[in-house]
Amino acid sequence: MLDIKFIRENKDLIALAAKKKFVAFDVEELLATDDLRKMKLQSVEKKRTEQNVVSDKVASAKDPAERDAMIFEMRKFKADMNKEETELEEIMKKWRSLMLLVPNIPDMTVPDGESDAGNMEVKKWGSLPEFDFTPKNHIELMENLGMVDLVRGAKVAGFRGYFLKDAGVKLSFAIWNYALDFFSKKGFSPMIVPSLVRRENLLGTGFLPQGEEDLYKTQDGDFLAGTGEVATMGYHSDEILPMEDLPKKFLAFSPCFRREAGSHSKDVKGLIRVHEFYKFEQVILCEASHETSVRFHEELTRNTEEFIESLGIPYHRVINCGGDLGLGQVKKYDLELWVPLEKKYREIASASYFHDFQTRRLNIRYKDTDGKMKFAHSLNNTAIPTPRILVSLVENFQQGDGSIAIPEVLQPYFGSDTISKK
RNA sequence: GGAGGAGUGGCUGAGCGGUCUAAAGCAACGGUCUUGAAAACCGUCACCUGGGCAACUGGGUCGUGAGUUCGAAUCUCACCUCCUCCGCCA
């Protein structure tokens, strides 16, 4: 959500933002609704003033006849006022729903483009593996080593279901424990956060109202979040934070659920795209300054890059184009890891900042040094998702005999330097 | 799942149809005093929003939402959260 004053004063910017993000949003409709809203509100408030004045008079009236006369008058007056209040409520409903659809303004450095095809590589790291044998894909590798069972996964959980087993489990825990240490050292406080969340948190983070079909919903009207960001951002909702607590850095761990609506023909095999996975997520709340947001955005991005570099997996960083940005995102980098058998990079992390788009919706504020109440800024980036990370890991580190070499940094956590057939 | 009880400003807590413009205390902040501090005393001390250059001023907010009333923190209903007891359960 943006400030209505800002929207009024910068309607051209909003129109450009909508165009750049390929979102259908009519600023003029919002502004017209806002004009109506202001007019009606003033009229209603004037009537309320009058009512308040008369109410006071009723309370202090000595003469019962005079008092009854005033009450009688007010009855008629109130009927009139109620009509206007109903009209105002109708306008407000429309106003509120339009306000939730206003796109945040993308940063100037965001390239044009309609879809992820328009994303631009800005950085490349590591050398791609060359195999002197016929390499296997992650499915074959992991099935051979008894790390995963996709057939029974589908039997039990349906399409995109999977079981991780034995070394697959151990490897997952090794990555989690390593990630916990790695990101804690960078000043992030770990939290295990709810996945089952109330609607407000999804509205607040900007996943709703537009993305409902991507979410699992319970019969109680709650949702299963697709990322720990949702609960983590909800954590401080409706709070005023002491300024000295900023920035707040969280490392959220949670199961993540995604319906992957509309992606039924994509990545149908393996562990790339599943309905249920686990993720460590970095979330930052900081002071309301663009410079600070940019600084932390780069920091969040580097953190995950350093993590991947320590594992030794080749990756690149892309800057997402306008059409690939969410409604609230100002700028986003995706980090993509090399998947040898697909001969392409695959998204593993997504770093974005929002200015106060989310914190306005969630009402997360702090009192600035000048005593003014401000909405904090928010940012997030994946730390590491499992099991998707396993895809690149096993394919890149596979060896001719079908075994998998464990990256050195993981060995203390995994307890061995290879995974091989028993 | 069943039966009760409760949600008031940063905290404690009074108010239970009209001087609520929400008491009082604590904490915090500013000042006086002091070499400095403490104590004491004086003062400030919620948020959202409209109008105005400003002084100032209108409206709203007592968990949330609806309702009753000329008038609601106060009455009614629904929901949310917490507490106590019973039941069930990892």
# chains A, B, ... in the order shown; residues from 1 in each chain; ligands from 1
call {"tool": "residues_around", "arguments": {"residues": "Ile175 (chain A)", "least_positions_apart": "5", "cutoff": "9 Å", "atoms": "only C-alpha atoms (C1' of nucleotides)", "output": "number ranges by chain"}}
result
A: 170, 180, 384, 386, 410, 413-414
call {"tool": "interface_residues", "arguments": {"of": "chain A", "to": "chain B", "cutoff": "9 Å", "atoms": "only C-alpha atoms (C1' of nucleotides)", "output": "PDB file with N, CA and C atoms, in the first residue's frame"}}
result
ATOM      1  N   LYS A  38     -13.418  12.018  -0.202  1.00  0.00           N
ATOM      2  CA  LYS A  38     -13.131  13.223   0.582  1.00  0.00           C
ATOM      3  C   LYS A  38     -14.362  14.106   0.718  1.00  0.00           C
ATOM      4  N   LEU A  41     -16.889  12.388   3.007  1.00  0.00           N
ATOM      5  CA  LEU A  41     -16.377  12.350   4.373  1.00  0.00           C
ATOM      6  C   LEU A  41     -16.558  13.708   5.056  1.00  0.00           C
ATOM      7  N   GLN A  42     -16.252  14.747   4.325  1.00  0.00           N
ATOM      8  CA  GLN A  42     -16.397  16.091   4.898  1.00  0.00           C
ATOM      9  C   GLN A  42     -17.839  16.384   5.245  1.00  0.00           C
ATOM     10  N   VAL A  44     -20.192  14.190   5.910  1.00  0.00           N
ATOM     11  CA  VAL A  44     -20.606  13.369   7.056  1.00  0.00           C
ATOM     12  C   VAL A  44     -20.040  13.952   8.354  1.00  0.00           C
ATOM     13  N   GLU A  45     -18.788  14.370   8.298  1.00  0.00           N
ATOM     14  CA  GLU A  45     -18.162  14.904   9.508  1.00  0.00           C
ATOM     15  C   GLU A  45     -18.831  16.189   9.971  1.00  0.00           C
ATOM     16  N   LYS A  46     -19.268  16.982   9.021  1.00  0.00           N
ATOM     17  CA  LYS A  46     -19.979  18.211   9.364  1.00  0.00           C
ATOM     18  C   LYS A  46     -21.269  17.880  10.111  1.00  0.00           C
ATOM     19  N   ARG A  48     -21.833  15.187  11.779  1.00  0.00           N
ATOM     20  CA  ARG A  48     -21.495  14.644  13.100  1.00  0.00           C
ATOM     21  C   ARG A  48     -21.205  15.763  14.094  1.00  0.00           C
ATOM     22  N   THR A  49     -20.535  16.793  13.613  1.00  0.00           N
ATOM     23  CA  THR A  49     -20.282  17.950  14.483  1.00  0.00           C
ATOM     24  C   THR A  49     -21.598  18.480  15.030  1.00  0.00           C
ATOM     25  N   GLN A  51     -24.435  16.998  15.228  1.00  0.00           N
ATOM     26  CA  GLN A  51     -25.041  16.035  16.146  1.00  0.00           C
ATOM     27  C   GLN A  51     -24.395  16.107  17.531  1.00  0.00           C
ATOM     28  N   ASN A  52     -23.081  16.204  17.552  1.00  0.00           N
ATOM     29  CA  ASN A  52     -22.378  16.292  18.831  1.00  0.00           C
ATOM     30  C   ASN A  52     -22.800  17.530  19.618  1.00  0.00           C
ATOM     31  N   VAL A  54     -25.663  19.184  19.379  1.00  0.00           N
ATOM     32  CA  VAL A  54     -27.024  19.040  19.893  1.00  0.00           C
ATOM     33  C   VAL A  54     -27.070  18.047  21.058  1.00  0.00           C
ATOM     34  N   SER A  55     -26.313  16.977  20.951  1.00  0.00           N
ATOM     35  CA  SER A  55     -26.267  15.990  22.035  1.00  0.00           C
ATOM     36  C   SER A  55     -25.857  16.628  23.352  1.00  0.00           C
ATOM     37  N   ASP A  56     -24.863  17.510  23.275  1.00  0.00           N
ATOM     38  CA  ASP A  56     -24.432  18.226  24.474  1.00  0.00           C
ATOM     39  C   ASP A  56     -25.560  19.077  25.034  1.00  0.00           C
ATOM     40  N   VAL A  58     -28.761  18.570  24.652  1.00  0.00           N
ATOM     41  CA  VAL A  58     -29.767  17.672  25.239  1.00  0.00           C
ATOM     42  C   VAL A  58     -29.363  17.315  26.672  1.00  0.00           C
ATOM     43  N   ALA A  59     -28.091  17.006  26.816  1.00  0.00           N
ATOM     44  CA  ALA A  59     -27.611  16.578  28.130  1.00  0.00           C
ATOM     45  C   ALA A  59     -27.771  17.664  29.177  1.00  0.00           C
ATOM     46  N   SER A  60     -27.625  18.925  28.745  1.00  0.00           N
ATOM     47  CA  SER A  60     -27.666  20.003  29.740  1.00  0.00           C
ATOM     48  C   SER A  60     -29.016  20.733  29.791  1.00  0.00           C
ATOM     49  N   ASP A  68     -37.219  17.209  24.707  1.00  0.00           N
ATOM     50  CA  ASP A  68     -37.939  16.299  23.814  1.00  0.00           C
ATOM     51  C   ASP A  68     -37.981  16.825  22.391  1.00  0.00           C
ATOM     52  N   MET A  70     -35.782  18.674  20.958  1.00  0.00           N
ATOM     53  CA  MET A  70     -34.469  18.484  20.338  1.00  0.00           C
ATOM     54  C   MET A  70     -34.260  17.033  19.916  1.00  0.00           C
ATOM     55  N   ILE A  71     -34.685  16.126  20.783  1.00  0.00           N
ATOM     56  CA  ILE A  71     -34.532  14.706  20.460  1.00  0.00           C
ATOM     57  C   ILE A  71     -35.345  14.351  19.220  1.00  0.00           C
ATOM     58  N   PHE A  72     -36.538  14.922  19.158  1.00  0.00           N
ATOM     59  CA  PHE A  72     -37.409  14.687  18.005  1.00  0.00           C
ATOM     60  C   PHE A  72     -36.757  15.181  16.707  1.00  0.00           C
ATOM     61  N   GLU A  73     -36.191  16.368  16.785  1.00  0.00           N
ATOM     62  CA  GLU A  73     -35.494  16.949  15.634  1.00  0.00           C
ATOM     63  C   GLU A  73     -34.331  16.052  15.199  1.00  0.00           C
ATOM     64  N   MET A  74     -33.611  15.566  16.209  1.00  0.00           N
ATOM     65  CA  MET A  74     -32.421  14.775  15.924  1.00  0.00           C
ATOM     66  C   MET A  74     -32.758  13.449  15.266  1.00  0.00           C
ATOM     67  N   ARG A  75     -33.935  12.951  15.537  1.00  0.00           N
ATOM     68  CA  ARG A  75     -34.330  11.681  14.909  1.00  0.00           C
ATOM     69  C   ARG A  75     -34.364  11.831  13.392  1.00  0.00           C
ATOM     70  N   LYS A  78     -30.907  12.360  12.010  1.00  0.00           N
ATOM     71  CA  LYS A  78     -30.101  11.147  12.006  1.00  0.00           C
ATOM     72  C   LYS A  78     -30.404  10.254  10.808  1.00  0.00           C
TER      73      LYS A  78
END
call {"tool": "select_by_dssp", "arguments": {"residues": "region 205-396 of chain A", "states": "alpha helix (DSSP H)", "output": "short mmCIF file (atom, residue, chain, number, x, y, z; two decimals) with C-alpha atoms, in the first residue's frame"}}
result
data_model
loop_
_atom_site.label_atom_id
_atom_site.label_comp_id
_atom_site.auth_asym_id
_atom_site.auth_seq_id
_atom_site.Cartn_x
_atom_site.Cartn_y
_atom_site.Cartn_z
CA THR A 205 2.90 -8.92 2.78
CA GLU A 229 8.33 -14.14 5.16
CA VAL A 230 4.58 -13.99 5.78
CA ALA A 231 4.61 -14.97 9.45
CA THR A 232 7.89 -13.17 10.09
CA MET A 233 6.48 -9.90 8.78
CA GLY A 234 3.30 -10.49 10.75
CA HIS A 290 15.90 4.43 0.63
CA GLU A 291 19.66 4.34 1.05
CA THR A 292 19.41 1.97 4.00
CA SER A 293 17.03 -0.29 2.09
CA VAL A 294 19.39 -0.42 -0.87
CA ARG A 295 22.34 -1.15 1.38
CA PHE A 296 20.56 -4.01 3.12
CA HIS A 297 19.24 -5.33 -0.17
CA GLU A 298 22.78 -5.72 -1.43
CA GLU A 299 23.81 -7.22 1.91
CA LEU A 300 20.99 -9.80 1.87
CA THR A 301 21.88 -10.75 -1.66
CA ARG A 302 25.57 -11.10 -0.83
CA ASN A 303 24.81 -13.24 2.22
CA THR A 304 23.15 -15.92 0.13
CA GLU A 305 25.77 -15.61 -2.59
CA GLU A 306 28.49 -16.17 -0.03
CA PHE A 307 26.62 -19.18 1.28
CA ILE A 308 26.40 -20.69 -2.19
CA GLU A 309 30.04 -19.81 -2.89
CA SER A 310 31.06 -21.62 0.26
CA LEU A 311 29.30 -24.70 -1.11
CA PHE A 357 4.68 -1.08 1.09
CA GLN A 358 4.38 -4.04 3.44
CA THR A 359 4.80 -2.18 6.72
CA ARG A 360 1.97 0.19 5.87
CA ARG A 361 -0.34 -2.74 5.34
CA LEU A 362 0.93 -4.45 8.48
CA ARG A 388 15.51 -27.55 -4.37
CA ILE A 389 19.12 -26.86 -3.40
CA LEU A 390 19.74 -30.61 -3.57
CA VAL A 391 19.13 -30.62 -7.32
CA SER A 392 22.15 -28.45 -8.09
CA LEU A 393 24.20 -29.86 -5.30
CA VAL A 394 24.00 -33.50 -6.35
CA GLU A 395 24.24 -32.83 -10.06
CA ASN A 396 27.28 -30.58 -9.76
#
call {"tool": "select_by_dssp", "arguments": {"residues": "region 120-330 of chain A", "states": "strand (DSSP E)", "output": "ChimeraX atom specification"}}
result
/A:120-125,148-149,163-164,189-192,196-197,216-217,223-224,239-241,248-257,276-286,315-319
call {"tool": "residues_around", "arguments": {"residues": "Arg8 (chain A)", "least_positions_apart": "2", "cutoff": "9 Å", "atoms": "only C-alpha atoms (C1' of nucleotides)", "output": "list in words"}}
result
Asp3, Ile4, Lys5, Phe6, Asn10, Lys11, Val27, Leu31 and Asp34 of chain A
call {"tool": "atom_distance", "arguments": {"atom1": "CA of Glu90 (chain A)", "atom2": "CA of Glu212 (chain A)"}}
result
23.8 Å
call {"tool": "residues_around", "arguments": {"residues": "Ile91 (chain A)", "least_positions_apart": "2", "cutoff": "8 Å", "atoms": "only C-alpha atoms (C1' of nucleotides)", "output": "mmCIF file with N, CA and C atoms, in the first residue's frame"}}
result
data_model
loop_
_atom_site.group_PDB
_atom_site.id
_atom_site.type_symbol
_atom_site.label_atom_id
_atom_site.label_comp_id
_atom_site.auth_asym_id
_atom_site.auth_seq_id
_atom_site.Cartn_x
_atom_site.Cartn_y
_atom_site.Cartn_z
ATOM 1 N N THR A 33 -12.383 8.108 -7.159
ATOM 2 C CA THR A 33 -12.988 7.543 -5.952
ATOM 3 C C THR A 33 -12.537 8.301 -4.720
ATOM 4 N N LEU A 36 -14.397 11.588 -4.408
ATOM 5 C CA LEU A 36 -15.723 11.290 -3.868
ATOM 6 C C LEU A 36 -15.661 11.047 -2.370
ATOM 7 N N ARG A 37 -14.672 10.254 -1.995
ATOM 8 C CA ARG A 37 -14.479 9.891 -0.601
ATOM 9 C C ARG A 37 -14.276 11.137 0.260
ATOM 10 N N GLU A 87 -23.698 5.725 2.134
ATOM 11 C CA GLU A 87 -23.049 6.080 0.865
ATOM 12 C C GLU A 87 -21.543 6.130 1.027
ATOM 13 N N LEU A 88 -21.112 6.721 2.139
ATOM 14 C CA LEU A 88 -19.676 6.818 2.402
ATOM 15 C C LEU A 88 -19.057 5.426 2.517
ATOM 16 N N GLU A 89 -19.747 4.525 3.202
ATOM 17 C CA GLU A 89 -19.232 3.175 3.396
ATOM 18 C C GLU A 89 -19.049 2.469 2.054
ATOM 19 N N LYS A 93 -15.470 1.151 0.601
ATOM 20 C CA LYS A 93 -15.221 -0.240 0.203
ATOM 21 C C LYS A 93 -14.442 -0.272 -1.099
ATOM 22 N N LYS A 94 -14.919 0.504 -2.048
ATOM 23 C CA LYS A 94 -14.267 0.552 -3.345
ATOM 24 C C LYS A 94 -12.861 1.124 -3.192
ATOM 25 N N TRP A 95 -12.769 2.192 -2.393
ATOM 26 C CA TRP A 95 -11.493 2.873 -2.174
ATOM 27 C C TRP A 95 -10.454 1.914 -1.594
#
call {"tool": "atom_distance", "arguments": {"atom1": "CA of Ile14 (chain A)", "atom2": "CA of Pro106 (chain A)"}}
result
9.7 Å
call {"tool": "residues_around", "arguments": {"residues": "region 15-21 of chain A", "least_positions_apart": "2", "cutoff": "6 Å", "atoms": "only C-alpha atoms (C1' of nucleotides)", "output": "PyMOL selection string"}}
result
chain A and resi 12-13+23+105+322-323
call {"tool": "atom_distance", "arguments": {"atom1": "CA of Lys421 (chain A)", "atom2": "CA of Phe173 (chain A)"}}
result
19.6 Å
call {"tool": "residues_around", "arguments": {"residues": "Ser289 (chain A)", "least_positions_apart": "2", "cutoff": "12 Å", "atoms": "only C-alpha atoms (C1' of nucleotides)", "output": "list in words"}}
result
Pro247, Leu285, Cys286, Glu287, Glu291, Thr292, Ser293, Val294, Arg295, Phe296, Tyr353, Phe354, His355, Asp356, Asp368, Lys374, Phe375, Ala376, His377 and Ser378 of chain A
call {"tool": "residues_around", "arguments": {"residues": "A6 (chain B)", "least_positions_apart": "3", "cutoff": "12 Å", "atoms": "only C-alpha atoms (C1' of nucleotides)", "output": "ChimeraX atom specification"}}
result
/B:63,81-84
call {"tool": "closest_residue", "arguments": {"among": "A:Ser237, A:Pro64, A:Val274, A:Lys269", "to": "His138 (chain A)", "atoms": "only C-alpha atoms"}}
result
A:Lys269
